[in-house]
$ cat start.cif   # mmCIF, C-alpha atoms, pLDDT in the B column; chains and numbers go by the auth columns
data_work
loop_
_atom_site.group_PDB
_atom_site.id
_atom_site.type_symbol
_atom_site.label_atom_id
_atom_site.label_comp_id
_atom_site.label_asym_id
_atom_site.label_seq_id
_atom_site.Cartn_x
_atom_site.Cartn_y
_atom_site.Cartn_z
_atom_site.B_iso_or_equiv
_atom_site.auth_seq_id
_atom_site.auth_asym_id
ATOM 1 C CA MET A 1 0.000 0.000 0.000 84.00 1 A
ATOM 2 C CA GLU A 2 1.371 3.378 -0.932 89.00 2 A
ATOM 3 C CA GLN A 3 1.444 6.262 1.532 90.00 3 A
ATOM 4 C CA ILE A 4 1.768 10.004 1.403 88.00 4 A
ATOM 5 C CA LYS A 5 3.008 12.184 4.198 85.00 5 A
ATOM 6 C CA ILE A 6 1.339 15.521 4.657 78.00 6 A
ATOM 7 C CA GLY A 7 2.906 17.341 7.555 74.00 7 A
ATOM 8 C CA LYS A 8 2.797 14.887 10.456 83.00 8 A
ATOM 9 C CA LEU A 9 -0.073 12.922 8.907 83.00 9 A
ATOM 10 C CA THR A 10 0.584 9.692 7.009 91.00 10 A
ATOM 11 C CA VAL A 11 -2.240 8.693 4.682 93.00 11 A
ATOM 12 C CA ASP A 12 -2.568 5.253 3.096 95.00 12 A
ATOM 13 C CA LEU A 13 -3.479 5.138 -0.593 95.00 13 A
ATOM 14 C CA TYR A 14 -5.006 2.079 -2.222 95.00 14 A
ATOM 15 C CA PHE A 15 -6.214 1.510 -5.755 94.00 15 A
ATOM 16 C CA ASN A 16 -9.215 -0.783 -5.740 94.00 16 A
ATOM 17 C CA VAL A 17 -12.574 -0.901 -7.502 93.00 17 A
ATOM 18 C CA VAL A 18 -13.981 1.805 -5.236 95.00 18 A
ATOM 19 C CA ALA A 19 -11.112 4.188 -6.018 95.00 19 A
ATOM 20 C CA ALA A 20 -11.155 3.278 -9.723 94.00 20 A
ATOM 21 C CA ASN A 21 -14.878 3.988 -10.027 94.00 21 A
ATOM 22 C CA ARG A 22 -14.610 7.311 -8.236 95.00 22 A
ATOM 23 C CA ILE A 23 -11.660 8.442 -10.350 94.00 23 A
ATOM 24 C CA ALA A 24 -13.415 7.250 -13.518 93.00 24 A
ATOM 25 C CA GLU A 25 -16.433 9.388 -12.610 93.00 25 A
ATOM 26 C CA ARG A 26 -14.130 12.410 -12.430 90.00 26 A
ATOM 27 C CA CYS A 27 -12.792 11.520 -15.903 89.00 27 A
ATOM 28 C CA GLY A 28 -16.172 11.252 -17.596 88.00 28 A
ATOM 29 C CA GLY A 29 -16.482 7.514 -17.043 89.00 29 A
ATOM 30 C CA ASP A 30 -13.098 6.437 -18.436 87.00 30 A
ATOM 31 C CA ILE A 31 -10.180 6.221 -16.022 87.00 31 A
ATOM 32 C CA GLY A 32 -7.845 5.920 -19.013 85.00 32 A
ATOM 33 C CA LYS A 33 -8.489 9.572 -19.785 85.00 33 A
ATOM 34 C CA ILE A 34 -6.774 10.992 -16.698 87.00 34 A
ATOM 35 C CA SER A 35 -3.929 12.514 -18.729 85.00 35 A
ATOM 36 C CA GLU A 36 -6.256 14.012 -21.336 86.00 36 A
ATOM 37 C CA LYS A 37 -8.442 15.463 -18.614 87.00 37 A
ATOM 38 C CA MET A 38 -5.496 17.052 -16.811 85.00 38 A
ATOM 39 C CA GLU A 39 -4.006 18.460 -20.023 86.00 39 A
ATOM 40 C CA SER A 40 -7.272 20.263 -20.782 89.00 40 A
ATOM 41 C CA MET A 41 -7.446 21.911 -17.347 88.00 41 A
ATOM 42 C CA LYS A 42 -6.215 25.227 -16.088 90.00 42 A
ATOM 43 C CA GLN A 43 -3.586 24.980 -13.363 86.00 43 A
ATOM 44 C CA THR A 44 -6.007 25.609 -10.489 86.00 44 A
ATOM 45 C CA GLU A 45 -8.437 23.028 -11.870 90.00 45 A
ATOM 46 C CA ALA A 46 -5.599 20.502 -12.125 88.00 46 A
ATOM 47 C CA ILE A 47 -4.643 21.140 -8.494 90.00 47 A
ATOM 48 C CA ASP A 48 -8.222 20.441 -7.413 92.00 48 A
ATOM 49 C CA PHE A 49 -8.312 17.315 -9.592 93.00 49 A
ATOM 50 C CA ILE A 50 -5.077 15.977 -8.058 92.00 50 A
ATOM 51 C CA CYS A 51 -6.445 16.547 -4.558 93.00 51 A
ATOM 52 C CA ASP A 52 -9.677 14.789 -5.563 95.00 52 A
ATOM 53 C CA MET A 53 -7.726 11.768 -6.845 94.00 53 A
ATOM 54 C CA LEU A 54 -5.667 11.669 -3.642 94.00 54 A
ATOM 55 C CA CYS A 55 -8.932 11.643 -1.736 96.00 55 A
ATOM 56 C CA ASP A 56 -10.309 8.809 -3.889 97.00 56 A
ATOM 57 C CA LEU A 57 -7.181 6.705 -3.351 96.00 57 A
ATOM 58 C CA ALA A 58 -7.143 7.472 0.380 96.00 58 A
ATOM 59 C CA ASN A 59 -10.785 6.425 0.576 97.00 59 A
ATOM 60 C CA GLY A 60 -9.887 3.262 -1.328 96.00 60 A
ATOM 61 C CA ALA A 61 -7.595 2.440 1.612 96.00 61 A
ATOM 62 C CA VAL A 62 -10.276 3.401 4.150 97.00 62 A
ATOM 63 C CA VAL A 63 -12.903 1.220 2.469 97.00 63 A
ATOM 64 C CA LYS A 64 -10.419 -1.681 2.318 96.00 64 A
ATOM 65 C CA HIS A 65 -9.588 -1.249 6.015 96.00 65 A
ATOM 66 C CA ASN A 66 -13.270 -1.142 6.985 96.00 66 A
ATOM 67 C CA ALA A 67 -14.086 -4.195 4.836 95.00 67 A
ATOM 68 C CA GLU A 68 -11.264 -6.163 6.454 95.00 68 A
ATOM 69 C CA ILE A 69 -12.684 -5.341 9.896 94.00 69 A
ATOM 70 C CA THR A 70 -16.193 -6.330 8.785 94.00 70 A
ATOM 71 C CA LEU A 71 -14.908 -9.643 7.401 93.00 71 A
ATOM 72 C CA GLY A 72 -12.885 -10.368 10.537 92.00 72 A
ATOM 73 C CA LEU A 73 -9.565 -10.130 8.671 93.00 73 A
ATOM 74 C CA ALA A 74 -8.371 -7.193 10.775 91.00 74 A
ATOM 75 C CA THR A 75 -9.090 -5.659 14.135 93.00 75 A
ATOM 76 C CA GLY A 76 -9.539 -2.056 15.076 93.00 76 A
ATOM 77 C CA GLU A 77 -12.065 0.655 14.589 95.00 77 A
ATOM 78 C CA PRO A 78 -13.614 1.553 11.244 96.00 78 A
ATOM 79 C CA LYS A 79 -12.321 4.799 9.796 96.00 79 A
ATOM 80 C CA ALA A 80 -14.357 7.659 8.377 96.00 80 A
ATOM 81 C CA GLU A 81 -13.838 8.490 4.723 97.00 81 A
ATOM 82 C CA TYR A 82 -11.980 11.640 3.771 95.00 82 A
ATOM 83 C CA THR A 83 -13.543 14.557 1.923 94.00 83 A
ATOM 84 C CA PRO A 84 -11.747 16.270 -0.968 92.00 84 A
ATOM 85 C CA ASP A 85 -11.780 19.532 0.999 92.00 85 A
ATOM 86 C CA ILE A 86 -9.441 17.985 3.579 91.00 86 A
ATOM 87 C CA PHE A 87 -6.790 17.392 0.921 90.00 87 A
ATOM 88 C CA LYS A 88 -7.353 20.799 -0.636 90.00 88 A
ATOM 89 C CA ALA A 89 -6.799 22.365 2.780 90.00 89 A
ATOM 90 C CA ILE A 90 -3.630 20.493 3.761 86.00 90 A
ATOM 91 C CA VAL A 91 -1.755 19.720 0.510 85.00 91 A
ATOM 92 C CA ASP A 92 0.970 22.210 -0.297 85.00 92 A
ATOM 93 C CA PRO A 93 0.755 23.075 -4.016 84.00 93 A
ATOM 94 C CA SER A 94 4.553 22.908 -4.262 85.00 94 A
ATOM 95 C CA ALA A 95 4.304 19.169 -3.446 83.00 95 A
ATOM 96 C CA LEU A 96 1.860 18.423 -6.245 81.00 96 A
ATOM 97 C CA THR A 97 4.495 16.963 -8.581 83.00 97 A
ATOM 98 C CA SER A 98 5.417 14.357 -5.987 86.00 98 A
ATOM 99 C CA MET A 99 1.698 13.774 -5.363 87.00 99 A
ATOM 100 C CA VAL A 100 1.133 13.081 -9.068 87.00 100 A
ATOM 101 C CA ASN A 101 4.031 10.617 -8.965 87.00 101 A
ATOM 102 C CA ILE A 102 2.568 8.732 -6.006 88.00 102 A
ATOM 103 C CA ILE A 103 -0.883 8.712 -7.652 89.00 103 A
ATOM 104 C CA THR A 104 0.692 7.187 -10.760 87.00 104 A
ATOM 105 C CA VAL A 105 2.574 4.555 -8.759 88.00 105 A
ATOM 106 C CA THR A 106 -0.562 3.662 -6.818 90.00 106 A
ATOM 107 C CA ILE A 107 -2.779 3.348 -9.891 88.00 107 A
ATOM 108 C CA ASN A 108 -0.174 1.470 -11.931 85.00 108 A
ATOM 109 C CA GLY A 109 0.213 -1.368 -9.494 76.00 109 A
ATOM 110 C CA GLY A 110 2.165 0.095 -6.649 50.00 110 A
ATOM 111 C CA SER A 111 -0.385 -1.331 -4.248 43.00 111 A
ATOM 112 C CA GLU A 112 0.836 -4.616 -2.952 50.00 112 A
ATOM 113 C CA PHE A 113 -1.210 -7.787 -2.673 51.00 113 A
ATOM 114 C CA VAL A 114 -0.786 -9.761 0.512 57.00 114 A
ATOM 115 C CA ALA A 115 -2.000 -13.330 0.291 54.00 115 A
ATOM 116 C CA PRO A 116 -4.023 -14.430 3.308 56.00 116 A
ATOM 117 C CA GLU A 117 -2.481 -17.087 5.522 62.00 117 A
ATOM 118 C CA ASN A 118 -3.103 -20.690 4.431 58.00 118 A
ATOM 119 C CA VAL A 119 -3.086 -19.701 0.751 55.00 119 A
ATOM 120 C CA ASN A 120 -0.316 -21.310 -1.244 58.00 120 A
ATOM 121 C CA LEU A 121 0.924 -19.170 -4.109 53.00 121 A
ATOM 122 C CA PRO A 122 3.610 -21.220 -5.836 57.00 122 A
ATOM 123 C CA GLU A 123 5.929 -19.216 -8.010 59.00 123 A
ATOM 124 C CA GLU A 124 6.799 -20.862 -11.265 63.00 124 A
ATOM 125 C CA ASP A 125 10.092 -19.949 -12.863 65.00 125 A
ATOM 126 C CA ILE A 126 9.525 -20.579 -16.555 70.00 126 A
ATOM 127 C CA ASP A 127 13.235 -20.391 -17.341 70.00 127 A
ATOM 128 C CA LEU A 128 14.073 -22.903 -14.631 70.00 128 A
ATOM 129 C CA MET A 129 11.314 -25.206 -15.859 72.00 129 A
ATOM 130 C CA GLU A 130 12.746 -25.074 -19.398 75.00 130 A
ATOM 131 C CA LEU A 131 16.268 -25.795 -18.116 75.00 131 A
ATOM 132 C CA GLU A 132 15.012 -28.746 -16.068 77.00 132 A
ATOM 133 C CA ALA A 133 13.098 -30.073 -19.091 77.00 133 A
ATOM 134 C CA GLU A 134 16.226 -29.801 -21.255 78.00 134 A
ATOM 135 C CA LYS A 135 18.314 -31.500 -18.573 77.00 135 A
ATOM 136 C CA ASN A 136 15.776 -34.329 -18.244 80.00 136 A
ATOM 137 C CA LYS A 137 15.524 -34.619 -22.016 76.00 137 A
ATOM 138 C CA GLY A 138 19.296 -35.162 -22.177 66.00 138 A
ATOM 139 C CA LYS A 139 19.125 -37.925 -19.543 66.00 139 A
ATOM 140 C CA LYS A 140 16.527 -39.863 -21.539 59.00 140 A
ATOM 141 C CA SER A 141 18.736 -40.069 -24.646 52.00 141 A
#

$ encode --input "start.cif" --output "structure tokens"
Amino acid sequence: MEQIKIGKLTVDLYFNVVAANRIAERCGGDIGKISEKMESMKQTEAIDFICDMLCDLANGAVVKHNAEITLGLATGEPKAEYTPDIFKAIVDPSALTSMVNIITVTINGGSEFVAPENVNLPEEDIDLMELEAEKNKGKKS
């Protein structure tokens, strides 16, 4: 899970279906049009849009946290969702470039997947499998 630090506050960011749908709504229904949307905006509109996306990703983490509590996968108290105005009030515009970078990392797979306990996720090394097959093929000759 990606994080941003705003002053003394650390905020988790998570790209899930909730965050994707909310960002897509801001982009006219197509999340793939983020760049086009930002290029067509004035600077102040782009700043608002970045703060809105930070809020959507932060709420993606909040919703995930709350769902894990509901499902018994985590303990703790449910968290309230953020409002875009919170980010607009506390994000320093000079940090927006780094915020865009973290948004990009989060959306493009920076969010990690942690397999629940008791789930076996074997990793297959295709190259190793081919080498073993070649080695075994040579033994059969």

$ residues_around --input "start.cif" --residues "Ile107 of chain A" --least-positions-apart "5" --cutoff "12 Å" --atoms "all atoms listed in the file" --output "ChimeraX atom specification"
/A:1-2,13-17,19-20,23-24,31-32,34,53-54,56-58,60,100-102,112

$ resolve_selection --input "start.cif" --expression "the PyMOL selection byres ((chain A and resi 55) around 12)" --output "ChimeraX atom specification"
/A:4,11-15,18-20,22-23,26,48-54,56-63,81-91,99,103

$ atom_distance --input "start.cif" --atom1 "atom CA of Leu96 of chain A" --atom2 "atom CA of Ala46 of chain A"
9.7 Å

$ atom_distance --input "start.cif" --atom1 "atom CA of His65 of chain A" --atom2 "atom CA of Glu77 of chain A"
9.1 Å

$ axis_aligned_box --input "start.cif" --around "segment 82-89 of chain A" --padding-each-side "3 Å" --output "lines of an AutoDock Vina configuration file"
center_x = -10.2
center_y = 17.0
center_z = 1.4
size_x = 12.8
size_y = 16.7
size_z = 10.7

$ atom_distance --input "start.cif" --atom1 "atom CA of Thr75 of chain A" --atom2 "atom CA of Leu9 of chain A"
21.3 Å
